[in-house]
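Containing mmCIF, C-alpha atoms and all ligand atoms: model_4.cif.
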```
data_coords
loop_
_atom_site.label_atom_id
_atom_site.label_comp_id
_atom_site.auth_asym_id
_atom_site.auth_seq_id
_atom_site.Cartn_x
_atom_site.Cartn_y
_atom_site.Cartn_z
CA HIS B 1 -11.63 9.50 16.89
CA GLY B 2 -12.40 7.62 13.67
CA GLU B 3 -15.64 9.17 12.45
CA ALA B 4 -14.78 8.84 8.76
CA SER B 5 -16.16 5.59 7.33
CA GLU B 6 -14.46 6.33 4.05
CA VAL B 7 -11.38 8.14 2.87
CA VAL B 8 -11.81 10.18 -0.29
CA VAL B 9 -8.56 10.75 -2.14
CA PRO B 10 -8.43 13.39 -4.88
CA THR B 11 -6.42 12.09 -7.86
CA PRO B 12 -5.92 13.49 -11.37
CA ASN B 13 -8.49 10.95 -12.62
CA GLY B 14 -11.02 12.14 -10.02
CA PRO B 15 -11.81 11.38 -6.41
CA VAL B 16 -11.28 7.80 -5.23
CA HIS B 17 -13.47 6.61 -2.35
CA ILE B 18 -12.01 3.94 -0.09
CA GLY B 19 -14.44 2.34 2.33
CA GLU B 20 -17.08 -0.27 2.96
CA GLU B 21 -19.78 1.33 0.80
CA HIS B 22 -17.57 1.49 -2.28
CA PRO B 23 -16.08 -0.95 -4.79
CA VAL B 24 -12.72 -2.40 -3.81
CA VAL B 25 -9.86 -0.05 -4.62
CA LEU B 26 -6.81 -1.62 -6.24
CA VAL B 27 -3.33 -0.27 -5.53
CA ALA B 28 -0.58 -1.79 -7.67
CA GLY B 29 2.99 -1.22 -8.73
CA PRO B 30 6.55 -2.20 -8.05
CA CYS B 31 8.21 -2.41 -4.66
CA SER B 32 10.79 0.16 -5.79
CA VAL B 33 10.75 2.79 -8.51
CA GLU B 34 13.69 1.69 -10.67
CA ASN B 35 13.64 3.87 -13.80
CA GLU B 36 11.23 5.99 -15.82
CA GLU B 37 10.40 3.39 -18.43
CA MET B 38 9.49 0.67 -15.94
CA ILE B 39 7.40 2.90 -13.71
CA VAL B 40 5.46 4.55 -16.54
CA GLU B 41 4.93 1.20 -18.28
CA THR B 42 3.78 -0.45 -15.04
CA ALA B 43 1.47 2.47 -14.33
CA LYS B 44 -0.19 2.13 -17.74
CA ARG B 45 -0.59 -1.62 -17.37
CA VAL B 46 -2.09 -1.55 -13.88
CA LYS B 47 -4.38 1.31 -14.83
CA ALA B 48 -5.66 -0.70 -17.81
CA ALA B 49 -6.33 -3.61 -15.45
CA GLY B 50 -8.39 -1.41 -13.12
CA ALA B 51 -6.01 -0.02 -10.50
CA LYS B 52 -6.78 3.44 -9.12
CA PHE B 53 -3.39 3.98 -7.48
CA LEU B 54 0.20 3.34 -8.45
CA ARG B 55 2.46 2.28 -5.59
CA GLY B 56 6.25 2.47 -5.73
CA GLY B 57 9.00 3.16 -3.23
CA ALA B 58 11.49 6.00 -3.57
CA TYR B 59 12.84 5.50 -0.04
CA LYS B 60 13.10 1.82 0.87
CA PRO B 61 13.40 0.37 4.37
CA ARG B 62 15.82 -2.50 3.71
CA SER B 63 17.06 -4.96 6.30
CA SER B 64 20.60 -4.70 4.96
CA PRO B 65 22.35 -1.36 4.49
CA TYR B 66 24.01 -2.88 1.41
CA ALA B 67 20.68 -3.66 -0.30
CA PHE B 68 19.16 -1.20 -2.79
CA GLN B 69 17.89 1.74 -0.74
CA GLY B 70 15.68 3.34 -3.42
CA HIS B 71 16.54 6.19 -5.76
CA GLY B 72 15.21 8.80 -3.33
CA GLU B 73 14.20 12.20 -4.60
CA SER B 74 14.87 11.35 -8.25
CA ALA B 75 12.37 8.48 -7.94
CA LEU B 76 9.77 11.01 -6.79
CA ASP B 77 10.20 12.77 -10.14
CA LEU B 78 9.62 9.45 -11.92
CA LEU B 79 6.44 8.89 -9.91
CA ALA B 80 5.33 12.38 -10.94
CA ALA B 81 5.92 11.39 -14.58
CA ALA B 82 3.83 8.22 -14.14
CA ARG B 83 1.07 10.26 -12.45
CA GLU B 84 1.14 12.73 -15.32
CA ALA B 85 1.03 9.93 -17.93
CA THR B 86 -1.86 8.00 -16.37
CA GLY B 87 -3.73 10.21 -13.91
CA LEU B 88 -3.35 7.50 -11.28
CA GLY B 89 -3.00 8.52 -7.66
CA ILE B 90 0.43 7.87 -6.18
CA ILE B 91 1.18 6.00 -2.95
CA THR B 92 4.76 6.06 -1.73
CA GLU B 93 6.52 5.54 1.59
CA LEU B 94 7.85 8.29 3.82
CA MET B 95 10.69 7.19 6.10
CA ASP B 96 12.21 10.49 7.18
CA ALA B 97 10.25 13.62 8.07
CA ALA B 98 12.87 15.68 6.25
CA ASP B 99 11.59 14.21 2.97
CA LEU B 100 7.95 15.12 3.66
CA PRO B 101 7.75 18.35 1.61
CA ALA B 102 9.24 16.75 -1.52
CA LEU B 103 7.25 13.54 -1.11
CA ALA B 104 3.95 15.36 -0.49
CA ARG B 105 4.36 17.16 -3.82
CA VAL B 106 3.88 13.88 -5.70
CA ALA B 107 2.13 11.52 -3.27
CA ASP B 108 -1.67 11.43 -3.16
CA VAL B 109 -1.44 9.08 -0.17
CA ILE B 110 1.59 8.92 2.14
CA GLN B 111 2.59 5.41 3.21
CA ILE B 112 4.00 4.74 6.67
CA GLY B 113 5.74 1.36 6.51
CA ALA B 114 5.51 -1.50 8.96
CA ARG B 115 8.91 -0.63 10.44
CA ASN B 116 7.82 2.93 11.25
CA MET B 117 4.37 2.12 12.57
CA GLN B 118 5.44 3.27 16.02
CA ASN B 119 7.71 6.09 14.92
CA PHE B 120 5.60 8.52 16.89
CA SER B 121 7.37 11.69 15.83
CA LEU B 122 6.85 10.72 12.18
CA LEU B 123 3.19 9.92 12.89
CA LYS B 124 2.67 13.34 14.47
CA LYS B 125 4.17 15.00 11.40
CA VAL B 126 1.97 13.18 8.88
CA GLY B 127 -0.94 13.92 11.17
CA ALA B 128 -0.21 17.61 10.95
CA GLN B 129 -0.41 17.78 7.14
CA ASP B 130 -3.37 17.13 4.87
CA LYS B 131 -2.46 14.24 2.54
CA PRO B 132 -4.22 10.96 3.44
CA VAL B 133 -2.01 8.46 5.24
CA LEU B 134 -1.82 4.70 4.81
CA ILE B 135 -0.40 3.07 7.92
CA LYS B 136 0.88 -0.48 7.64
CA ARG B 137 0.68 -2.82 10.61
CA GLY B 138 4.00 -3.31 12.35
CA MET B 139 5.32 -6.83 11.91
CA SER B 140 4.79 -7.66 15.59
CA ALA B 141 2.16 -5.07 16.43
CA THR B 142 -1.04 -5.94 18.25
CA ILE B 143 -4.28 -4.54 16.84
CA ASP B 144 -4.49 -2.09 19.75
CA GLU B 145 -0.94 -0.84 19.12
CA TRP B 146 -1.78 -0.39 15.45
CA LEU B 147 -4.97 1.51 16.22
CA MET B 148 -3.14 3.72 18.72
CA ALA B 149 -0.54 4.47 16.05
CA ALA B 150 -3.40 5.50 13.72
CA GLU B 151 -4.78 7.56 16.61
CA TYR B 152 -1.56 9.62 16.66
CA ILE B 153 -2.32 10.73 13.10
CA LEU B 154 -6.00 11.39 13.82
CA ALA B 155 -5.22 13.23 17.06
CA ALA B 156 -2.78 15.50 15.22
CA GLY B 157 -5.65 16.62 13.00
CA ASN B 158 -5.61 14.37 9.92
CA PRO B 159 -8.85 12.32 9.66
CA ASN B 160 -7.84 10.50 6.47
CA VAL B 161 -6.15 7.33 7.62
CA ILE B 162 -6.20 3.90 5.94
CA LEU B 163 -5.09 0.75 7.78
CA CYS B 164 -3.03 -1.80 5.83
CA GLU B 165 -2.43 -5.36 7.03
CA ARG B 166 0.78 -6.73 5.47
CA GLY B 167 1.43 -9.88 7.46
CA ILE B 168 2.89 -10.41 10.91
CA ARG B 169 5.74 -12.48 12.32
CA THR B 170 4.72 -15.89 13.60
CA PHE B 171 6.67 -19.06 14.36
CA ASP B 172 6.82 -20.47 10.83
CA SER B 173 8.34 -18.48 7.99
CA LYS B 174 9.63 -21.42 5.98
CA TYR B 175 6.94 -21.33 3.31
CA VAL B 176 5.60 -17.79 3.62
CA ARG B 177 7.45 -14.57 4.45
CA ASN B 178 4.81 -13.49 6.96
CA THR B 179 1.45 -14.65 8.27
CA LEU B 180 -1.23 -12.57 6.59
CA ASP B 181 -3.70 -11.90 9.38
CA LEU B 182 -7.06 -11.70 7.62
CA SER B 183 -8.90 -11.98 10.91
CA VAL B 184 -8.15 -8.27 11.37
CA ILE B 185 -10.86 -7.50 8.82
CA PRO B 186 -13.89 -8.47 10.95
CA VAL B 187 -12.11 -7.37 14.13
CA LEU B 188 -11.31 -3.88 12.81
CA ARG B 189 -14.88 -3.55 11.54
CA GLN B 190 -16.04 -3.73 15.14
CA LEU B 191 -13.34 -1.42 16.48
CA THR B 192 -12.98 1.36 13.92
CA HIS B 193 -14.53 3.04 10.91
CA LEU B 194 -11.16 3.44 9.19
CA PRO B 195 -10.89 1.74 5.76
CA ILE B 196 -9.04 -1.56 5.58
CA MET B 197 -6.43 -2.42 2.95
CA ILE B 198 -4.80 -5.83 2.62
CA ASP B 199 -1.33 -6.43 1.15
CA PRO B 200 -1.03 -10.12 0.19
CA SER B 201 2.33 -9.46 -1.54
CA HIS B 202 4.31 -8.70 1.63
CA GLY B 203 1.84 -10.90 3.49
CA THR B 204 3.00 -14.04 1.69
CA GLY B 205 6.28 -13.13 -0.01
CA LYS B 206 5.52 -15.42 -2.95
CA SER B 207 3.77 -14.41 -6.15
CA GLU B 208 1.92 -17.73 -6.46
CA TYR B 209 0.17 -17.16 -3.12
CA VAL B 210 -0.96 -13.60 -3.86
CA THR B 211 -4.14 -14.43 -5.79
CA PRO B 212 -5.69 -16.87 -3.29
CA MET B 213 -5.03 -14.48 -0.40
CA ALA B 214 -6.36 -11.51 -2.38
CA MET B 215 -9.54 -13.51 -3.03
CA ALA B 216 -9.79 -14.37 0.66
CA ALA B 217 -9.28 -10.73 1.64
CA LEU B 218 -12.18 -9.62 -0.54
CA ALA B 219 -14.37 -12.45 0.70
CA ALA B 220 -13.69 -11.25 4.26
CA GLY B 221 -14.65 -7.69 3.37
CA ALA B 222 -11.44 -5.75 2.67
CA ASP B 223 -11.95 -2.27 1.21
CA SER B 224 -8.75 -2.21 -0.80
CA LEU B 225 -5.84 -4.36 -1.95
CA MET B 226 -2.17 -3.48 -2.40
CA ILE B 227 -0.41 -5.71 -4.93
CA GLU B 228 3.24 -5.57 -6.04
CA VAL B 229 3.55 -5.63 -9.83
CA HIS B 230 6.82 -5.51 -11.78
CA PRO B 231 7.36 -5.80 -15.54
CA ASN B 232 10.20 -8.28 -14.97
CA PRO B 233 10.08 -9.70 -11.42
CA ALA B 234 13.24 -11.79 -11.91
CA LYS B 235 15.21 -8.56 -12.39
CA ALA B 236 13.49 -6.51 -9.67
CA LEU B 237 15.78 -4.56 -7.32
CA SER B 238 13.52 -5.48 -4.39
CA ASP B 239 10.74 -7.98 -3.66
CA GLY B 240 10.86 -9.74 -7.05
CA PRO B 241 9.72 -13.14 -5.70
CA GLN B 242 6.41 -11.71 -4.51
CA SER B 243 5.77 -9.46 -7.51
CA LEU B 244 3.22 -10.26 -10.21
CA THR B 245 3.86 -9.50 -13.87
CA PRO B 246 1.31 -7.11 -15.40
CA GLU B 247 -0.25 -10.14 -17.15
CA LYS B 248 -0.68 -11.96 -13.86
CA PHE B 249 -2.11 -8.82 -12.28
CA ASP B 250 -4.62 -8.66 -15.10
CA ARG B 251 -5.64 -12.25 -14.43
CA LEU B 252 -5.89 -11.54 -10.70
CA VAL B 253 -8.31 -8.69 -11.33
CA GLN B 254 -10.42 -10.94 -13.57
CA GLU B 255 -10.58 -13.56 -10.83
CA LEU B 256 -11.47 -10.93 -8.24
CA SER B 257 -14.25 -9.58 -10.42
CA VAL B 258 -16.03 -12.92 -10.02
CA LEU B 259 -16.59 -11.87 -6.39
CA GLY B 260 -18.43 -8.82 -7.73
CA LYS B 261 -16.58 -6.25 -5.65
CA VAL B 262 -14.20 -4.72 -8.18
CA VAL B 263 -15.22 -2.44 -11.03
C1 LIG F 301 6.51 -1.93 0.82
O1 LIG F 301 5.30 -1.62 0.72
O2 LIG F 301 7.25 -2.09 -0.17
C2 LIG F 301 7.06 -2.17 2.17
C3 LIG F 301 8.34 -1.96 2.45
O3 LIG F 301 6.12 -2.63 3.02
P1 LIG F 301 6.20 -3.02 4.59
O4 LIG F 301 6.42 -1.72 5.30
O5 LIG F 301 4.86 -3.61 4.81
O6 LIG F 301 7.32 -4.00 4.75
MN MN F 302 8.07 -4.35 -1.16
#
```

Hey, can you dump this file as structure tokens for me?
Amino acid sequence: HGEASEVVVPTPNGPVHIGEEHPVVLVAGPCSVENEEMIVETAKRVKAAGAKFLRGGAYKPRSSPYAFQGHGESALDLLAAAREATGLGIITELMDAADLPALARVADVIQIGARNMQNFSLLKKVGAQDKPVLIKRGMSATIDEWLMAAEYILAAGNPNVILCERGIRTFDSKYVRNTLDLSVIPVLRQLTHLPIMIDPSHGTGKSEYVTPMAMAALAAGADSLMIEVHPNPAKALSDGPQSLTPEKFDRLVQELSVLGKVV
């Protein structure tokens, strides 16, 4: 499997092509959808900066059951409002197959998070529907395990799969949350035609490290970037420390444009 060298995602603003032959696709937005004002405002700001997709979690996989779990189905309605207001495609995480029908009504791309990379029954279900799927690398997954997880989706009949590296667990997490493994970019190029997205936000866990690693990802040939952006990171309900303000996201895109791969 893996014939598609690009994934084409229909969005209200038109089809977005993700793959080697196309300009780098920017995905941006908050970790969690918190309220209508913040998600619509963030959507407008990231669109103005050049993003083609808004990301935002309705269902959040949190380490602690006492941490904010996401607003669930009501957050899907807020994502629909942001989609309506901007025409951006929506990327949001599916954790439970029971939520698939509701989530697929608003999502243009369904995200499978790192923690569910090997949830094989979930993979079979997203493989058996027709929305494109973004599959994040499990935090201790080998490249072969990751590709086999993608294969579950392909084998179930869905050819539109995007691979997203978001950092792996290594021995030192004192200064960075994870180790962003950019060596996957040339390795995956040899192994698969699936498009490659890099997430330097979860990959580093610190907003000040996002720009250098985003630059490095583009230099190494990434097809797409996922960046967490929040209007007020200090008040974010999840992942504030790694989130850029819309102003910083704007600056990031300007710096990336020097590499000539963003439009
Ligand atoms: C996220 O994108 O907010 C997220 C939870 O990512 P990951 O699955 O990579 O931890
Ligand atoms: Mn997050």

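Neighbours of ligand MN 302 (chain F) at a cut-off of 8 Å, computed so that only C-alpha atoms and all ligand atoms are counted, are the residues Pro30, Cys31, Ser32, Gly57, Ser201, His202, Glu228, Ser238 and Asp239 of chain B.
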
Report as a list of chain:residue names all protein, DNA and RNA residues lying within 12 Å of Glu36 (chain B), evaluated on all atoms listed in the file, omitting residues in the same chain fewer than 5 positions from it. B:Glu41, B:Thr42, B:Ala43, B:Gly56, B:His71, B:Ser74, B:Ala75, B:Leu76, B:Asp77, B:Leu78, B:Leu79, B:Ala80, B:Ala81, B:Ala82, B:Arg83, B:Ala85

Surrounding residues of Leu259 (chain B) excluding itself and chain neighbours under 4 positions, 9 Å, all atoms listed in the file, as number ranges by chain: B: 215, 218-219, 255

Taking (-12.3, 3.4, 9.5) as a centre in this file's frame and 8 Å as the limit, can you find every polymer residue with an atom that close, using all atoms listed in the file, and give them as a list in words? Gly2, Glu3, Ala4, Ser5, Glu6, Gly19, Val161, Ile162, Leu163, Arg189, Thr192, His193, Leu194, Pro195 and Ile196 of chain B

Excluding Asp223 (chain B) and any residue of its chain fewer than 6 positions from it, enumerate the residues within 9 Å of it, using all atoms listed in the file, and give them as a count of residues only. 13

Edge lengths and centre in Å to one decimal, as JSON, is what I'm after for the box along x, y and z that holds all listed atoms of ligand LIG 301 (chain F) once 6 Å is added on each side.
```
{"center_x": 6.6, "center_y": -2.8, "center_z": 2.6, "size_x": 15.5, "size_y": 14.4, "size_z": 17.5}
```

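Closest to Pro246 (chain B) among B:Pro12, B:Lys47, B:Gln118, B:Ala104 is B:Lys47, based on all atoms listed in the file.
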